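Okay, so here's the structure we're looking at.
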Amino acid sequence: MAKAFFRLQKILLRTQFLLFFLTAAYLMAGSLLLLQRTRLVIQQGSRGTSANQALPMPDGMARVGIVDPRTLQNSRPSPRLLVGMDALQEPALDQRHSPRWLVSRNSELRQLRRRWFHRFISDQEPMQTAGFKGMKHTAEHKGTYVGCFSDDSRERTLKGAVFYDLRKMTVSHCQEACAERAYTYAGLAYGAECYCGNKLPATASKPEECNSECKGEKGSVCGGVNRLSVYRVEELRAGARRRRNVIYRGCFRAPENLTDTFPASLIQPNLTVEMCSEFCSKKEFPLAVIRGRECYCGYPTGRFSLRDGADRLLCSGMHNTSSAAEGKYCLVYQTPVQDTRCTDRKFLTTKSKVFVALSSFPGAGNTWARHLIEHATGYYTGSYYFDGALYNKGFKGEKDHWRSRRTICVKTHESGKTEIEMFDSAILLIRNPYKSLMAEFNRKYAGHLGYATDRNWKSKEWPDFVNSYASWWASHVLDWLKYGKRLLVVHYEDLKQSLIPKLKEMVEFLNMTVTEDRLLCVENNRDGNFKRSGAKQKDFEPFTQEMKDLINRYILTVDEALRGRNFTGLPREYVPR
């Protein structure tokens with residue numbers, strides 16, 4: 001008995017020793033991995049300690065733009081490239097703008113840019129959240145609770161407008177958004193979605209079926225699964241103005257039979273734009289059409305697509321006569337009502353067999369292209385990154401793993417052989433580098449909707465940014481042309497000018513079919529939630545002659561590479577500036 005006990009004790013001692021050894025080995029391996037990764041981290045020059053070893057950057061490298069974008073975040077970027085690894089090799093001066101060098105750029109540089117991109121996105125969220133929390137305490141519920149109503153993505157209960165805030169939605173936030181757009185009702189669903197409208201169904205659902213807590217307000221109910229918590233929106237406080245976004249769309253030839261084309265109409269002797277828009281808004285139509293004393297409401301359709309506008313002079317004097325140009329033309333206005341025929345979206349029910357990338361250089365309109373694709377196909381797009389600002393505004397694919405294959409395509413700014421060959425095919429979106437650089441610089445310093453200040457533009461950050469990112473713009477395209485398996489090249493400017501034809505190409509490339517009415521709905525909602533309001537004009541030219549010479553060389557290189565692959569070359573407006 002004692003002998004058996006001694007053997008058991010010996011086995012236990014060996015087991016303890018083995019466990020101790022495995023634990024120590026695990027910790028050592030983790031430490032070595034951590035040390036290996038930290039060797040690639042850029043040390044910030046302005047925050048560096050005396051222990052940091054700085055490697056001087058060759059002059060040629062600074063001109064070509066091999067600079068870690070993360071260092072550009074500092075208000076005083078260091079003139080040195082501080083890396084804990086061997087210095088990046090500088091190509092010969094006569095080859096520094098050649099396609100061969102651009103294609104074979106160091107993978108370490110891509111890693112550094114990727115880390116900067118991730119860190120910048122994650123740093124934006126706390127500021128936005130803090131600002132919203134401050135507003136939450138001052139907001140008050142202004143509406144009267146009406147009840148809980150059923151809601152279906154195919155047939156919305158409130159059809160006026162749709163807003164998302166998947167982290168910070170509150171009852172007041174939704175009411176305020178609907179009230180500012182002159183809607184009568186505000187409804188909340190899934191704790192994070194806000195719908196506006198002017199009409200409600202006759203019957204309500206059971207009150208207990210609205211049981212989802214608001215994402216941004218504990219203790220408040222924001223609808224439920226396919227259920228809306230509906231409030232009647234009261235008048236805004238004194239001094240506040242309703243944002244009646246009545247937008248002039250143009251003068252168009254009237255369809256042969258207006259009553260068949262438009263579902264609602266009104267005849268008024270002294271008809272005004274405001275009267276017609278108000279009438280159509282209450283009927284929940286996005287278009288208000290005026291011909292003399294006649295007001296019509298409806299949607300863009302195949303019979304009235306708003307593609308071929310006429311001279312406004314043909315509609316002049318419309319209110320002084322019974323018709324304009326013998327009733328052949330009409331004035332068209334966009335009401336505050338959102339066209340919701342294409343706003344329903346979902347994840348793919350089965351995993352996609354083809355892994356498709358939506359690839360672009362930052363600032364080239366990738367978010368806008370995703371908005372168009374999602375509304376045209378009805379399916380979410382994914383992302384190689386995670387941007388909380390996009391997720392909060394309805395891009396639900398942001399939080400889905402980018403390799404899940406539940407999305408129609410995946411946004412990426414990556415380049416390089418390994419990153420590209422992961423995808424079976426790709427839509428390659430290219431934009432004028434001058435516009436792309438400015439758009440990305442604005443986003444870097446002021447978010448998706450803001451503008452960088454004049455101080456930012458005139459500081460050292462801007463030339464450093466151009467030197468670094470101009471070469472990235474070129475290498476991104478060249479890498480995808482070299483390693484991409486199946487490509488559809490789309491120029492941002494062409495998509496903007498010929499939206500429907502180009503969007504059809506993209507949808508067909510994704511192996512999807514879409515109805516004409518849905519495409520017209522997309523065209524009616526073409527801007528999305530991330531379009532900067534207007535073009536902030538600067539009283540100075542941001543690009544120096546040296547910058548232009550550098551960018552123009554890259555443009556010519558990319559143009560030649562596109563033509564060499566039998567793609568359409570870059571639009572004429574790109575080169576030379």
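By convention in this document, the chains of the structure tokens carry letters A, B, ... by their order, each chain's residues are numbered from 1, and ligands are numbered from 1 in the order they are shown.
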* Can you check which residues of region 164-376 of chain A DSSP gives as helix (DSSP H, G or I) on the backbone and send them as a PyMOL selection string? => chain A and resi 171-180+207-209+258-261+273-282+312-315+318-320+366-376
* Asked: Which residues come within 7 Å of region 156-167 of chain A, counting only C-alpha atoms, excluding same-chain residues fewer than 6 positions away, as a list in words?
  ->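 Residues near the query, excluding close chain neighbours: Ala192, Glu193, Cys194, Tyr195, Cys196, Gly197, Lys199, Leu200, Lys215, Gly216, Glu284, Val337, Gln338, Thr340, Tyr391, Asn392, Lys393 and Gly394 of chain A.
Considering only C-alpha atoms, the residue among A:Ser305, A:Thr335, A:Ser468, A:Ser212 positioned nearest to Val273 (chain A) is A:Thr335.
Residues lying within 12 Å of Pro571 (chain A), counting only C-alpha atoms and ignoring same-chain neighbours fewer than 5 positions away, are Ile430, Arg431, Asn432, Pro433, Val490, His491, Tyr492, Glu493, Asp494, Leu495, Ile555, Leu556, Val558, Asp559, Leu562, Arg563 and Pro576 of chain A.
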For the residues selected in the previous step, produce a file with N, CA, C and O atoms as a tab-separated table (two decimals), in the first residue's frame.
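Listed below is the output, part12.tsv:
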```
chain	number	residue	atom	x	y	z
A	430	ILE	N	-11.01	53.89	-58.41
A	430	ILE	CA	-9.91	54.83	-58.55
A	430	ILE	C	-10.46	56.25	-58.64
A	430	ILE	O	-11.43	56.50	-59.37
A	431	ARG	N	-9.83	57.15	-57.89
A	431	ARG	CA	-10.24	58.56	-57.92
A	431	ARG	C	-9.03	59.44	-58.19
A	431	ARG	O	-7.89	59.07	-57.89
A	432	ASN	N	-9.28	60.59	-58.76
A	432	ASN	CA	-8.23	61.58	-58.98
A	432	ASN	C	-7.39	61.74	-57.71
A	432	ASN	O	-7.92	62.04	-56.65
A	433	PRO	N	-6.06	61.53	-57.79
A	433	PRO	CA	-5.25	61.58	-56.56
A	433	PRO	C	-5.29	62.93	-55.87
A	433	PRO	O	-5.18	63.00	-54.63
A	490	VAL	N	-13.36	50.80	-61.81
A	490	VAL	CA	-14.39	51.85	-61.82
A	490	VAL	C	-13.73	53.16	-61.42
A	490	VAL	O	-13.08	53.24	-60.38
A	491	HIS	N	-13.89	54.16	-62.24
A	491	HIS	CA	-13.38	55.49	-61.91
A	491	HIS	C	-14.46	56.27	-61.17
A	491	HIS	O	-15.60	56.36	-61.63
A	492	TYR	N	-14.09	56.82	-60.05
A	492	TYR	CA	-15.03	57.57	-59.20
A	492	TYR	C	-15.77	58.63	-60.00
A	492	TYR	O	-16.98	58.81	-59.85
A	493	GLU	N	-15.06	59.34	-60.86
A	493	GLU	CA	-15.66	60.42	-61.64
A	493	GLU	C	-16.70	59.89	-62.62
A	493	GLU	O	-17.75	60.52	-62.82
A	494	ASP	N	-16.45	58.73	-63.20
A	494	ASP	CA	-17.44	58.13	-64.10
A	494	ASP	C	-18.68	57.68	-63.34
A	494	ASP	O	-19.81	57.82	-63.83
A	495	LEU	N	-18.47	57.13	-62.16
A	495	LEU	CA	-19.60	56.69	-61.33
A	495	LEU	C	-20.46	57.88	-60.92
A	495	LEU	O	-21.69	57.79	-60.90
A	555	ILE	N	0.58	59.70	-61.75
A	555	ILE	CA	-0.61	59.57	-62.59
A	555	ILE	C	-0.25	58.95	-63.95
A	555	ILE	O	-0.94	58.04	-64.43
A	556	LEU	N	0.82	59.43	-64.55
A	556	LEU	CA	1.24	58.89	-65.85
A	556	LEU	C	1.62	57.42	-65.75
A	556	LEU	O	1.33	56.62	-66.63
A	558	VAL	N	0.42	55.19	-63.55
A	558	VAL	CA	-0.80	54.39	-63.37
A	558	VAL	C	-1.59	54.33	-64.67
A	558	VAL	O	-2.13	53.28	-65.04
A	559	ASP	N	-1.67	55.44	-65.39
A	559	ASP	CA	-2.40	55.47	-66.65
A	559	ASP	C	-1.79	54.47	-67.64
A	559	ASP	O	-2.51	53.72	-68.31
A	562	LEU	N	-2.68	50.86	-66.57
A	562	LEU	CA	-4.07	50.50	-66.88
A	562	LEU	C	-4.23	50.15	-68.36
A	562	LEU	O	-4.85	49.15	-68.71
A	563	ARG	N	-3.67	50.96	-69.22
A	563	ARG	CA	-3.77	50.70	-70.65
A	563	ARG	C	-3.02	49.43	-71.03
A	563	ARG	O	-3.44	48.70	-71.94
A	576	PRO	N	-2.22	66.50	-67.18
A	576	PRO	CA	-1.52	66.91	-65.97
A	576	PRO	C	-2.23	68.11	-65.38
A	576	PRO	O	-2.89	68.82	-66.11
```
* Shell of 8 Å around region 472-480 of chain A, only C-alpha atoms, local chain residues under 6 positions omitted, as a PyMOL selection string -> chain A and resi 99+102-103+105+360-361+413-417+420+428+430+433+554-555+557-558+561
Go ahead and save the residues from that selection, with N, CA and C atoms, as a CSV table (one decimal), in the first residue's frame.
```csv
chain,number,residue,atom,x,y,z
A,99,PRO,N,7.3,51.8,-62.2
A,99,PRO,CA,6.3,50.8,-61.7
A,99,PRO,C,7.0,49.7,-61.0
A,102,LEU,N,7.4,50.8,-57.4
A,102,LEU,CA,6.2,51.0,-56.7
A,102,LEU,C,5.5,49.6,-56.4
A,103,VAL,N,5.6,48.7,-57.3
A,103,VAL,CA,4.9,47.4,-57.0
A,103,VAL,C,5.7,46.6,-55.9
A,105,ARG,N,7.1,47.6,-53.2
A,105,ARG,CA,7.4,48.4,-52.0
A,105,ARG,C,7.3,47.5,-50.8
A,360,SER,N,-9.9,50.3,-52.7
A,360,SER,CA,-9.6,51.7,-53.1
A,360,SER,C,-8.6,52.3,-52.2
A,361,PHE,N,-8.0,53.3,-52.7
A,361,PHE,CA,-7.1,54.1,-51.9
A,361,PHE,C,-8.0,54.9,-50.9
A,413,HIS,N,-8.4,48.8,-48.1
A,413,HIS,CA,-7.4,49.7,-48.7
A,413,HIS,C,-6.1,49.0,-48.8
A,414,GLU,N,-6.1,47.7,-48.6
A,414,GLU,CA,-4.8,47.0,-48.6
A,414,GLU,C,-4.2,46.8,-50.0
A,415,SER,N,-2.9,46.6,-50.1
A,415,SER,CA,-2.3,46.2,-51.3
A,415,SER,C,-1.2,45.2,-50.9
A,416,GLY,N,-0.5,44.7,-51.9
A,416,GLY,CA,0.5,43.6,-51.7
A,416,GLY,C,0.0,42.3,-52.1
A,417,LYS,N,0.8,41.4,-52.5
A,417,LYS,CA,0.5,40.1,-53.1
A,417,LYS,C,-0.4,39.3,-52.1
A,420,ILE,N,-4.0,40.8,-51.6
A,420,ILE,CA,-4.8,40.8,-52.8
A,420,ILE,C,-5.2,39.4,-53.2
A,428,LEU,N,-12.2,47.6,-58.3
A,428,LEU,CA,-11.1,48.5,-58.0
A,428,LEU,C,-11.6,50.0,-58.3
A,430,ILE,N,-11.0,53.9,-58.4
A,430,ILE,CA,-9.9,54.8,-58.6
A,430,ILE,C,-10.5,56.2,-58.6
A,433,PRO,N,-6.1,61.5,-57.8
A,433,PRO,CA,-5.3,61.6,-56.6
A,433,PRO,C,-5.3,62.9,-55.9
A,554,TYR,N,3.2,60.0,-60.9
A,554,TYR,CA,2.5,58.8,-60.5
A,554,TYR,C,1.3,58.6,-61.4
A,555,ILE,N,0.6,59.7,-61.7
A,555,ILE,CA,-0.6,59.6,-62.6
A,555,ILE,C,-0.3,59.0,-63.9
A,557,THR,N,2.3,57.1,-64.6
A,557,THR,CA,2.6,55.7,-64.4
A,557,THR,C,1.4,54.8,-64.3
A,558,VAL,N,0.4,55.2,-63.5
A,558,VAL,CA,-0.8,54.4,-63.4
A,558,VAL,C,-1.6,54.3,-64.7
A,561,ALA,N,0.0,51.8,-66.9
A,561,ALA,CA,-0.3,50.4,-66.4
A,561,ALA,C,-1.7,50.0,-66.7
```
* Could you check which of A:Arg405, A:Cys214, A:Leu390, A:Ala376 is closest to Thr349 (chain A), using only C-alpha atoms? =>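 Under the stated criterion, the closest residue is A:Arg405.
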* CA of Leu488 (chain A) to CA of Ile427 (chain A): how many Å, to one decimal? -> 4.8 Å
* Shell of 9 Å around Lys346 (chain A), only C-alpha atoms, local chain residues under 5 positions omitted, as a list in words -> Glu374, Gly378, Tyr379, Tyr380, Lys396 and Thr407 of chain A
* To do: Fewer than 2 positions away in the same chain doesn't count, so skip those; otherwise give me all residues within 8 Å of region 309-314 of chain A, counting only C-alpha atoms, as a PyMOL selection string.
  => chain A and resi 250-253+306-307+316+324-325+329
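Interatomic distance, CA of Cys174 (chain A) to CA of Arg370 (chain A): 24.5 Å.
Closest approach to Tyr299 (chain A) from the set A:Phe465, A:Val522, A:Ser352, A:Asn245 is made by A:Val522, with distances taken over only C-alpha atoms.
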* Which one of A:Lys218, A:Arg341, A:Lys168, A:Arg553 sits closest to Arg154 (chain A) if you count only C-alpha atoms? ->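 Nearest candidate to Arg154 (chain A) out of A:Lys218, A:Arg341, A:Lys168, A:Arg553: A:Arg341.
Across the structure, CA of Thr170 (chain A) and CA of Asp151 (chain A) are spaced 18.8 Å apart.
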* Asked: Restricting the calculation to only C-alpha atoms, which member of A:Asn442, A:Thr515, A:Gln545, A:Ser425 is positioned closest to Arg486 (chain A)?
  ->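 Closest candidate: A:Ser425.
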* **Which of A:Pro362, A:Pro263, A:Gly388, A:Gly397 sits closest to Arg345 (chain A) [using only C-alpha atoms]** =>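 When distances to Arg345 (chain A) are compared using only C-alpha atoms, the smallest one comes from A:Gly397.
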* To do: Run DSSP on the backbone of this structure and report the residues of region 418-539 of chain A it assigns to strand (DSSP E or B), as an MDAnalysis selection string.
  => chainID A and resid 425:430 487:491
